[in-house]
Structure formats: structure tokens, C-alpha cells
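Participant: Got a structure for you, entry04.txt, holding compact mmCIF, C-alpha atoms.
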```
# COMPACT_ATOMS: atom_id res chain seq x y z
CA MET A 1019 -21.38 -22.65 43.42
CA ARG A 1020 -24.85 -22.54 41.93
CA VAL A 1021 -25.68 -25.64 39.88
CA TYR A 1022 -28.81 -26.45 37.92
CA VAL A 1023 -30.11 -30.01 38.20
CA PRO A 1024 -32.44 -31.16 35.39
CA LEU A 1025 -35.46 -33.20 36.47
CA THR A 1026 -38.97 -34.19 35.50
CA LEU A 1027 -42.05 -33.74 37.71
CA PRO A 1028 -41.80 -37.37 38.93
CA GLY A 1029 -38.12 -36.73 39.72
CA LEU A 1030 -39.05 -33.60 41.66
CA ALA A 1031 -41.73 -35.57 43.55
CA GLN A 1032 -39.15 -38.20 44.47
CA ALA A 1033 -36.68 -35.53 45.63
CA HIS A 1034 -39.38 -33.80 47.67
CA LYS A 1035 -40.38 -37.07 49.35
CA ALA A 1036 -36.76 -38.05 50.07
CA GLY A 1037 -35.69 -34.55 51.07
CA GLU A 1038 -32.74 -34.73 48.69
CA LEU A 1039 -31.70 -34.78 45.07
CA GLY A 1040 -30.04 -38.08 44.43
CA PRO A 1041 -28.70 -40.58 44.85
CA GLY A 1042 -25.46 -39.49 43.20
CA PRO A 1043 -23.82 -39.13 40.93
CA LEU A 1044 -25.98 -36.26 39.67
CA THR A 1045 -25.59 -34.49 36.37
CA ALA A 1046 -26.00 -30.75 36.68
CA TYR A 1047 -25.04 -27.60 34.81
CA ALA A 1048 -23.02 -24.66 36.07
CA VAL A 1049 -20.83 -21.78 34.98
CA THR A 1050 -17.72 -23.72 33.99
CA PRO A 1051 -14.68 -22.52 32.02
CA ALA A 1052 -16.08 -24.33 28.96
CA LEU A 1053 -19.44 -22.59 29.33
CA ARG A 1054 -17.66 -19.22 29.66
CA GLU A 1055 -15.77 -19.92 26.43
CA TRP A 1056 -18.86 -21.21 24.61
CA TYR A 1057 -21.11 -18.33 25.69
CA VAL A 1058 -18.41 -15.63 25.42
CA SER A 1059 -19.61 -13.38 28.22
CA ASP A 1060 -18.27 -12.11 31.50
CA ASP A 1061 -21.71 -11.25 32.89
CA ILE A 1062 -22.40 -13.82 35.63
CA GLU A 1063 -26.18 -13.44 35.32
CA GLU A 1064 -26.02 -14.20 31.60
CA LEU A 1065 -23.73 -17.15 32.24
CA GLU A 1066 -26.02 -18.57 34.93
CA TYR A 1067 -28.98 -18.12 32.57
CA ALA A 1068 -27.02 -20.08 29.94
CA ALA A 1069 -26.34 -22.86 32.49
CA LEU A 1070 -30.06 -22.89 33.35
CA GLY A 1071 -30.83 -23.21 29.63
CA ARG A 1072 -28.46 -26.16 29.31
CA ALA A 1073 -30.21 -27.83 32.27
CA ALA A 1074 -33.61 -27.16 30.67
CA ALA A 1075 -32.39 -28.90 27.50
CA ALA A 1076 -31.24 -31.85 29.63
CA SER A 1077 -34.68 -31.92 31.29
CA LEU A 1078 -36.19 -32.15 27.81
CA ARG A 1079 -33.97 -35.18 27.15
CA LEU A 1080 -35.24 -36.75 30.39
CA LEU A 1081 -38.84 -36.15 29.24
CA ALA A 1082 -38.08 -37.84 25.92
CA ALA A 1083 -36.86 -40.90 27.83
CA ASP A 1084 -39.97 -40.99 30.06
CA PRO A 1085 -43.14 -40.83 27.92
CA GLY A 1086 -45.34 -41.06 31.01
CA ALA A 1087 -43.93 -37.96 32.71
CA PRO A 1088 -45.99 -34.76 32.54
CA ARG A 1089 -44.59 -32.54 29.81
CA ARG A 1090 -42.99 -29.80 31.90
CA ARG A 1091 -39.27 -29.15 32.10
CA ILE A 1092 -38.05 -28.92 35.70
CA VAL A 1093 -34.71 -27.53 36.88
CA VAL A 1094 -33.68 -27.22 40.52
CA ALA A 1095 -31.11 -24.53 41.35
CA VAL A 1096 -28.89 -25.75 44.17
CA ASP A 1097 -25.89 -24.29 45.94
CA VAL A 1098 -23.01 -26.71 46.48
CA ALA A 1099 -19.36 -26.36 47.44
CA ASP A 1100 -17.17 -25.58 44.42
CA GLU A 1101 -15.22 -28.79 44.86
CA ASP A 1102 -18.44 -30.85 44.77
CA ALA A 1103 -19.25 -29.83 41.17
CA VAL A 1104 -16.69 -31.44 38.88
CA ALA A 1105 -16.49 -30.78 35.15
CA ASP A 1106 -15.02 -33.46 32.90
CA PRO A 1107 -12.07 -31.79 31.13
CA ASP A 1108 -12.04 -34.52 28.46
CA ARG A 1109 -15.45 -33.42 27.19
CA GLY A 1110 -14.24 -29.85 26.75
CA LEU A 1111 -16.40 -27.92 24.33
CA ASP A 1112 -18.45 -30.92 23.20
CA ALA A 1113 -21.75 -29.22 22.29
CA GLY A 1114 -23.79 -31.65 24.36
CA SER A 1115 -21.78 -31.22 27.55
CA VAL A 1116 -20.96 -27.51 27.76
CA GLY A 1117 -21.47 -26.48 31.38
CA GLU A 1118 -22.04 -30.05 32.54
CA VAL A 1119 -20.78 -31.02 35.98
CA ARG A 1120 -21.07 -34.12 38.12
CA ILE A 1121 -21.93 -34.14 41.79
CA ALA A 1122 -20.80 -37.35 43.47
CA GLY A 1123 -23.45 -37.66 46.15
CA ALA A 1124 -26.98 -36.70 47.00
CA VAL A 1125 -27.72 -33.04 47.71
CA PRO A 1126 -30.16 -32.07 50.47
CA LEU A 1127 -33.20 -30.30 49.04
CA ALA A 1128 -32.66 -27.74 51.80
CA LYS A 1129 -29.73 -26.44 49.72
CA ALA A 1130 -32.06 -25.64 46.83
CA ALA A 1131 -32.41 -21.94 46.05
CA ALA A 1132 -35.32 -22.28 43.62
CA VAL A 1133 -37.20 -24.52 41.23
CA HIS A 1134 -37.66 -23.52 37.60
CA ALA A 1135 -40.57 -25.06 35.71
CA ASP A 1136 -42.57 -24.62 32.55
CA ALA A 1137 -45.91 -22.87 32.75
CA ASP A 1138 -48.98 -24.85 31.73
CA ASP A 1139 -49.11 -23.06 28.37
CA ALA A 1140 -45.74 -24.58 27.40
CA GLU A 1141 -47.06 -28.15 27.57
CA ALA A 1142 -47.94 -28.54 23.87
CA ASP A 1143 -44.54 -27.30 22.65
CA VAL A 1144 -42.59 -29.23 25.29
CA SER A 1145 -44.59 -32.35 24.47
CA ALA A 1146 -43.92 -31.96 20.73
CA ALA A 1147 -40.21 -31.49 21.36
CA ALA A 1148 -40.03 -34.44 23.78
CA ASP A 1149 -41.97 -36.64 21.34
CA ALA A 1150 -39.65 -35.63 18.52
CA LEU A 1151 -36.67 -36.45 20.69
CA GLY A 1152 -38.20 -39.79 21.61
CA ALA A 1153 -38.82 -40.59 17.94
CA ALA A 1154 -35.34 -39.48 16.89
CA ALA A 1155 -33.24 -40.21 19.94
CA ASP A 1156 -30.60 -37.66 19.08
CA ALA A 1157 -32.76 -34.82 17.77
CA LEU A 1158 -31.48 -32.47 20.43
CA GLY A 1159 -27.91 -33.40 19.54
CA ALA A 1160 -28.78 -32.90 15.88
CA ALA A 1161 -30.26 -29.52 16.77
CA ASP A 1162 -27.05 -28.62 18.59
CA LEU A 1163 -25.11 -29.56 15.46
CA GLY A 1164 -27.25 -27.45 13.13
CA ASP A 1165 -30.06 -29.71 11.84
CA ASP A 1166 -32.71 -27.11 10.98
CA ASP A 1167 -35.76 -29.40 11.40
CA ALA A 1168 -34.54 -30.65 14.79
CA ARG A 1169 -33.66 -27.12 15.87
CA PHE A 1170 -37.14 -25.86 14.92
CA THR A 1171 -38.83 -28.52 17.05
CA VAL A 1172 -36.58 -27.94 20.05
CA ASP A 1173 -36.88 -24.16 19.68
CA GLY A 1174 -40.63 -24.48 20.14
CA ALA A 1175 -40.01 -25.66 23.69
CA GLU A 1176 -37.07 -23.38 24.35
CA ASP A 1177 -39.14 -20.34 23.38
CA HIS A 1178 -40.94 -20.78 26.70
CA GLU A 1179 -39.16 -19.23 29.66
CA LEU A 1180 -39.04 -21.36 32.77
CA LEU A 1181 -40.90 -19.82 35.68
CA TRP A 1182 -39.26 -19.32 39.08
CA PHE A 1183 -40.74 -21.03 42.14
CA GLY A 1184 -39.59 -20.95 45.73
CA VAL A 1185 -38.71 -24.31 47.26
CA GLN A 1186 -41.74 -23.97 49.56
CA GLU A 1187 -43.90 -24.02 46.40
CA ILE A 1188 -42.87 -27.57 45.40
CA PRO A 1189 -46.06 -29.17 46.81
CA GLY A 1190 -48.11 -26.84 44.59
CA LEU A 1191 -46.06 -27.78 41.53
CA LEU A 1192 -46.61 -31.43 42.29
CA GLY A 1193 -50.30 -31.00 43.15
```
As C-alpha cells - that is how I would like this structure written.

Facilitator:
Amino acid sequence: MRVYVPLTLPGLAQAHKAGELGPGPLTAYAVTPALREWYVSDDIEELEYAALGRAAAASLRLLAADPGAPRRRIVVAVDVADEDAVADPDRGLDAGSVGEVRIAGAVPLAKAAAVHADADDAEADVSAAADALGAAADALGAADLGDDDARFTVDGAEDHELLWFGVQEIPGLLG
């Protein structure tokens, strides 16, 4: 199963140095039954893109919690065994947890398929969104629930597509 692990650049640097994402438990995003119901599509590429988007939003939350981290959303796409990615059925269609899965242990970086990261030109919008989230700790949750001002701020970051990088390009991303 392909899962999308949200990180920051310092988190990616730590994973690169350790050779693994972890320690567990890790929060990731994947095509779950709840995500299928929320997104209402049978197209696996669209569903995986939606899971990637959920992970990018989680990366934005991580940036809001770490004011010193460079303002780039980072998501690592990793392949794990289906049984290793467990969705919490009690959270169901909770807007903040759609597609969320937990991975109990560390995942070797060798299992990563790709890294997705913001381009340099996204920094101002990602920074504004992270700062807004830091100032109003639940702005992303408010945006999910329909707060127009919060949605506008978060949309500024989400308007930027994450770029695809091969795992061998991690040193360049960190450089």
C-alpha cells in the first residue's frame, strides 16, 4: 500500500541521516475506505492524489508547530504492507482524519518511492499559511469546517502543487 508521510525539511534530514522514517508510530495518509467515501471517486490516481493532499495539509500543521523549520511542505511516499497501515475506524469521516493511517514502527527510507516538496516560489504562501495556523492553532481545522478566512489562507499554500523528487535527490533538497 502506498502511504504518504508528512514531514518538514528537518524531519526529512533526520530520516535521511537515520535511513528510516520513524520512530513509530507514524501518522500517514492513504487511500482508505473513509477517503474513498469522502472523495467519491473510483479512480485510484485521483484517490492517491487526495491522500497526498491530506498529507500536505498535515505537513502544513507540522510547519505551524515548528516556527524554525524552512517553509516547505514535505511528503514522503512510501510503500508498506497493507496490514502495516491501520486506519482508526472510530474517527470515521472526521474531516481532520480522512485518509489517516498509523504505522506502528519505523519504515526504512529504502521503501520510499518519492519525495514531494514545495518549490521555492511557494515559500511565501506556505509561510503565511503556517504563520496563520500558528497564530490560530486550529485554522486548518476551521478551514476544513468552512471558515472562509481560514480557508483563504490555507488555499494560498494549497494552490501550489508539490513537486516530485526521486529519493536519490534528497541530499539536494536538504542542501

Participant: Nearest to Ala1122 in chain A: which of A:Leu1081, A:Leu1180, A:Val1096, A:Ala1103 is it, counting only C-alpha atoms?

Facilitator: A:Ala1103

Participant: Can you pull out every residue within 8 Å of Tyr1057 in chain A, counting all atoms listed in the file, but drop anything in the same chain fewer than 4 positions away, and send it as a ChimeraX atom specification?

Facilitator: /A:1053,1065,1068

Participant: Point out the residue among A:Ala1087, A:Leu1192, A:Ala1105, A:Ile1121 with the least atom-to-atom distance to Ala1148 in chain A, counting only C-alpha atoms.

Facilitator: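 Nearest candidate to Ala1148 in chain A out of A:Ala1087, A:Leu1192, A:Ala1105, A:Ile1121: A:Ala1087.
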
Participant: Figure out the distance between CA of Ala1124 in chain A and CA of Met1019 in chain A, please, to one decimal in Å.

Facilitator: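 The value is 15.5 Å.
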
Participant: Under the rule that only C-alpha atoms are counted, which of A:Asp1106, A:Ala1069, A:Arg1089, A:Asp1100 is the nearest residue to Ala1140 in chain A?

Facilitator: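 Ranked by minimum distance to Ala1140 in chain A, first place goes to A:Arg1089.
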
Participant: Could you check which of A:Leu1191, A:Val1093, A:Ala1033, A:Val1104 is closest to Asp1138 in chain A, using only C-alpha atoms?

Facilitator: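 Among A:Leu1191, A:Val1093, A:Ala1033, A:Val1104, it is A:Leu1191 that comes nearest to Asp1138 in chain A.
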
Participant: Could you tell me how far CA of Val1144 in chain A sits from CA of His1034 in chain A, in Å to one decimal place?

Facilitator: 23.1 Å

Participant: What separation in Å, quoted to one decimal, exists between CA of Glu1176 in chain A and CA of Ala1131 in chain A?

Facilitator: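 Interatomic distance, CA of Glu1176 in chain A to CA of Ala1131 in chain A: 22.2 Å.
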
Participant: Quick one: of A:Ala1048, A:Val1185, A:Leu1127, A:Ala1083, who's nearest to Tyr1067 in chain A, counting only C-alpha atoms?

Facilitator: A:Ala1048

Participant: From the list A:Ile1092, A:Val1023, A:Ala1099, A:Val1125, which residue is nearest Gly1042 in chain A when using all atoms listed in the file?

Facilitator: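 Once distances to Gly1042 in chain A are computed over all atoms listed in the file, the minimum belongs to A:Val1125.
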
Participant: Residues proximal to (-37.2, -31.1, 38.2) were defined as those with any atom within 7 Å of that point in the file's coordinates, counting all atoms listed in the file. Which are they, as a PyMOL selection string?

Facilitator: chain A and resi 1024-1027+1029-1030+1091-1094
